[in-house]
Amino acid sequence: GGGINGGRSGLTSSLARPFAAKVMIVLTDGIDTMGSNPIQAAKNANEDEIMIFSITFAQEADQATMRQVAIEGQGKHYHAASGTSLA
């Protein structure tokens, strides 16, 4: 959630281009360790018309949460089980 909120701040700041598409790519193991709830953060970002794509990696990744983040952000979720599949 903290990373999404940070990205949201950057994409909605006065320095952001007002007519540019706002897209966030979250590359994560999907394990919530910092900040607020990632699903709520994605809902808040969606209110600012920010599209979120989530990419999880590692076997223990919380794919369900990050899939929901992508749904709330009007994007898609992808998972890479290994470094090879990530590439």
# chains A, B, ... in the order shown; residues from 1 in each chain; ligands from 1

call {"tool": "residues_around", "arguments": {"residues": "Thr28 in chain A", "least_positions_apart": "2", "cutoff": "7 Å", "atoms": "only C-alpha atoms", "output": "list in words"}}
result
Val26, Gly30, Ile55, Thr56 and Phe57 of chain A

call {"tool": "residues_around", "arguments": {"residues": "Gly35 in chain A", "least_positions_apart": "6", "cutoff": "12 Å", "atoms": "only C-alpha atoms", "output": "list in words"}}
result
Gly1, Gly2, Gly3, Ile4, Asn5, Gly6 and Ala41 of chain A

call {"tool": "closest_residue", "arguments": {"among": "A:Asp29, A:Thr12, A:Leu86, A:Arg17", "to": "Gln63 in chain A", "atoms": "only C-alpha atoms"}}
result
A:Asp29

call {"tool": "atom_distance", "arguments": {"atom1": "CA of Met66 in chain A", "atom2": "CA of Ser85 in chain A"}}
result
17.8 Å

call {"tool": "select_by_dssp", "arguments": {"residues": "chain A", "states": "strand (DSSP E)", "output": "PyMOL selection string"}}
result
chain A and resi 22-28+50-57+77-80

call {"tool": "atom_distance", "arguments": {"atom1": "CA of Asn44 in chain A", "atom2": "CA of Leu11 in chain A"}}
result
12.5 Å

call {"tool": "atom_distance", "arguments": {"atom1": "CA of Asn37 in chain A", "atom2": "CA of Ala81 in chain A"}}
result
23.9 Å

call {"tool": "closest_residue", "arguments": {"among": "A:Ser13, A:Gln74, A:Ser82, A:Thr33", "to": "Ile50 in chain A", "atoms": "only C-alpha atoms"}}
result
A:Gln74

call {"tool": "closest_residue", "arguments": {"among": "A:Thr84, A:Thr65, A:Gln59, A:Ser9", "to": "Pro38 in chain A", "atoms": "only C-alpha atoms"}}
result
A:Thr65

call {"tool": "select_by_dssp", "arguments": {"residues": "range 3-72 of chain A", "states": "helix (DSSP H, G or I)", "output": "NGL selection string"}}
result
:A and (3-12 or 38-47 or 63-72)

call {"tool": "write_last_selection", "arguments": {"atoms": "N, CA, C and O atoms", "output": "compact mmCIF listing (two decimals), in the first residue's frame"}}
result
# COMPACT_ATOMS: atom_id res chain seq x y z
N GLY A 3 3.79 1.75 -1.32
CA GLY A 3 4.34 2.00 -2.66
C GLY A 3 3.31 2.57 -3.61
O GLY A 3 3.60 3.48 -4.40
N ILE A 4 2.10 2.05 -3.54
CA ILE A 4 1.02 2.56 -4.40
C ILE A 4 0.69 4.00 -4.03
O ILE A 4 0.53 4.85 -4.90
N ASN A 5 0.62 4.28 -2.73
CA ASN A 5 0.35 5.65 -2.30
C ASN A 5 1.44 6.61 -2.74
O ASN A 5 1.17 7.74 -3.14
N GLY A 6 2.70 6.15 -2.67
CA GLY A 6 3.81 6.99 -3.13
C GLY A 6 3.73 7.28 -4.61
O GLY A 6 3.93 8.40 -5.06
N GLY A 7 3.41 6.25 -5.39
CA GLY A 7 3.25 6.44 -6.83
C GLY A 7 2.09 7.36 -7.14
O GLY A 7 2.17 8.20 -8.05
N ARG A 8 1.02 7.20 -6.40
CA ARG A 8 -0.16 8.06 -6.59
C ARG A 8 0.21 9.52 -6.35
O ARG A 8 -0.21 10.41 -7.11
N SER A 9 0.98 9.77 -5.32
CA SER A 9 1.41 11.15 -5.03
C SER A 9 2.17 11.75 -6.20
O SER A 9 1.95 12.90 -6.58
N GLY A 10 3.07 10.94 -6.77
CA GLY A 10 3.83 11.43 -7.90
C GLY A 10 3.00 11.67 -9.14
O GLY A 10 3.21 12.64 -9.88
N LEU A 11 2.03 10.80 -9.38
CA LEU A 11 1.19 10.92 -10.58
C LEU A 11 0.11 11.98 -10.47
O LEU A 11 -0.51 12.34 -11.47
N THR A 12 -0.13 12.48 -9.27
CA THR A 12 -1.15 13.51 -9.09
C THR A 12 -0.56 14.84 -8.64
O THR A 12 -1.29 15.78 -8.38
N PRO A 38 -3.01 -2.48 0.57
CA PRO A 38 -2.78 -2.27 -0.86
C PRO A 38 -4.06 -2.24 -1.70
O PRO A 38 -4.13 -1.53 -2.71
N ILE A 39 -5.09 -2.97 -1.28
CA ILE A 39 -6.34 -2.95 -2.04
C ILE A 39 -7.02 -1.60 -1.90
O ILE A 39 -7.49 -1.02 -2.89
N GLN A 40 -7.04 -1.05 -0.70
CA GLN A 40 -7.61 0.29 -0.51
C GLN A 40 -6.79 1.34 -1.24
O GLN A 40 -7.33 2.27 -1.83
N ALA A 41 -5.47 1.19 -1.22
CA ALA A 41 -4.61 2.13 -1.94
C ALA A 41 -4.92 2.09 -3.44
O ALA A 41 -4.95 3.14 -4.10
N ALA A 42 -5.18 0.90 -3.98
CA ALA A 42 -5.54 0.78 -5.40
C ALA A 42 -6.88 1.43 -5.68
O ALA A 42 -7.06 2.10 -6.71
N LYS A 43 -7.84 1.27 -4.77
CA LYS A 43 -9.14 1.93 -4.94
C LYS A 43 -8.96 3.45 -4.96
O LYS A 43 -9.57 4.14 -5.78
N ASN A 44 -8.13 3.96 -4.07
CA ASN A 44 -7.88 5.40 -4.02
C ASN A 44 -7.19 5.89 -5.30
O ASN A 44 -7.52 6.95 -5.82
N ALA A 45 -6.25 5.11 -5.80
CA ALA A 45 -5.57 5.47 -7.04
C ALA A 45 -6.56 5.47 -8.21
O ALA A 45 -6.49 6.34 -9.09
N ASN A 46 -7.48 4.52 -8.21
CA ASN A 46 -8.48 4.45 -9.27
C ASN A 46 -9.35 5.71 -9.29
O ASN A 46 -9.77 6.17 -10.35
N GLU A 47 -9.60 6.28 -8.13
CA GLU A 47 -10.37 7.53 -8.06
C GLU A 47 -9.66 8.67 -8.79
O GLU A 47 -10.30 9.60 -9.27
N GLN A 63 -0.56 -13.71 -4.55
CA GLN A 63 -1.16 -13.42 -5.85
C GLN A 63 -2.61 -12.95 -5.73
O GLN A 63 -3.04 -12.09 -6.49
N ALA A 64 -3.33 -13.49 -4.77
CA ALA A 64 -4.75 -13.13 -4.63
C ALA A 64 -4.89 -11.64 -4.31
O ALA A 64 -5.72 -10.95 -4.92
N THR A 65 -4.09 -11.15 -3.40
CA THR A 65 -4.16 -9.72 -3.05
C THR A 65 -3.76 -8.86 -4.23
O THR A 65 -4.43 -7.88 -4.57
N MET A 66 -2.68 -9.23 -4.89
CA MET A 66 -2.20 -8.40 -5.99
C MET A 66 -3.11 -8.51 -7.21
O MET A 66 -3.22 -7.57 -7.99
N ARG A 67 -3.79 -9.61 -7.37
CA ARG A 67 -4.80 -9.73 -8.43
C ARG A 67 -5.94 -8.74 -8.14
O ARG A 67 -6.42 -8.04 -9.03
N GLN A 68 -6.34 -8.65 -6.87
CA GLN A 68 -7.39 -7.71 -6.47
C GLN A 68 -6.93 -6.27 -6.65
O GLN A 68 -7.71 -5.41 -7.05
N VAL A 69 -5.66 -6.00 -6.36
CA VAL A 69 -5.10 -4.66 -6.59
C VAL A 69 -5.25 -4.29 -8.06
O VAL A 69 -5.68 -3.18 -8.40
N ALA A 70 -4.91 -5.21 -8.95
CA ALA A 70 -5.02 -4.94 -10.38
C ALA A 70 -6.48 -4.73 -10.79
O ALA A 70 -6.78 -3.84 -11.60
N ILE A 71 -7.38 -5.52 -10.24
CA ILE A 71 -8.80 -5.35 -10.56
C ILE A 71 -9.27 -3.98 -10.12
O ILE A 71 -9.93 -3.27 -10.90
N GLU A 72 -8.94 -3.59 -8.90
CA GLU A 72 -9.36 -2.27 -8.40
C GLU A 72 -8.73 -1.14 -9.19
O GLU A 72 -9.31 -0.07 -9.33

call {"tool": "closest_residue", "arguments": {"among": "A:Asp32, A:Gly83, A:Lys76, A:Asp48", "to": "Asp62 in chain A", "atoms": "only C-alpha atoms"}}
result
A:Asp32
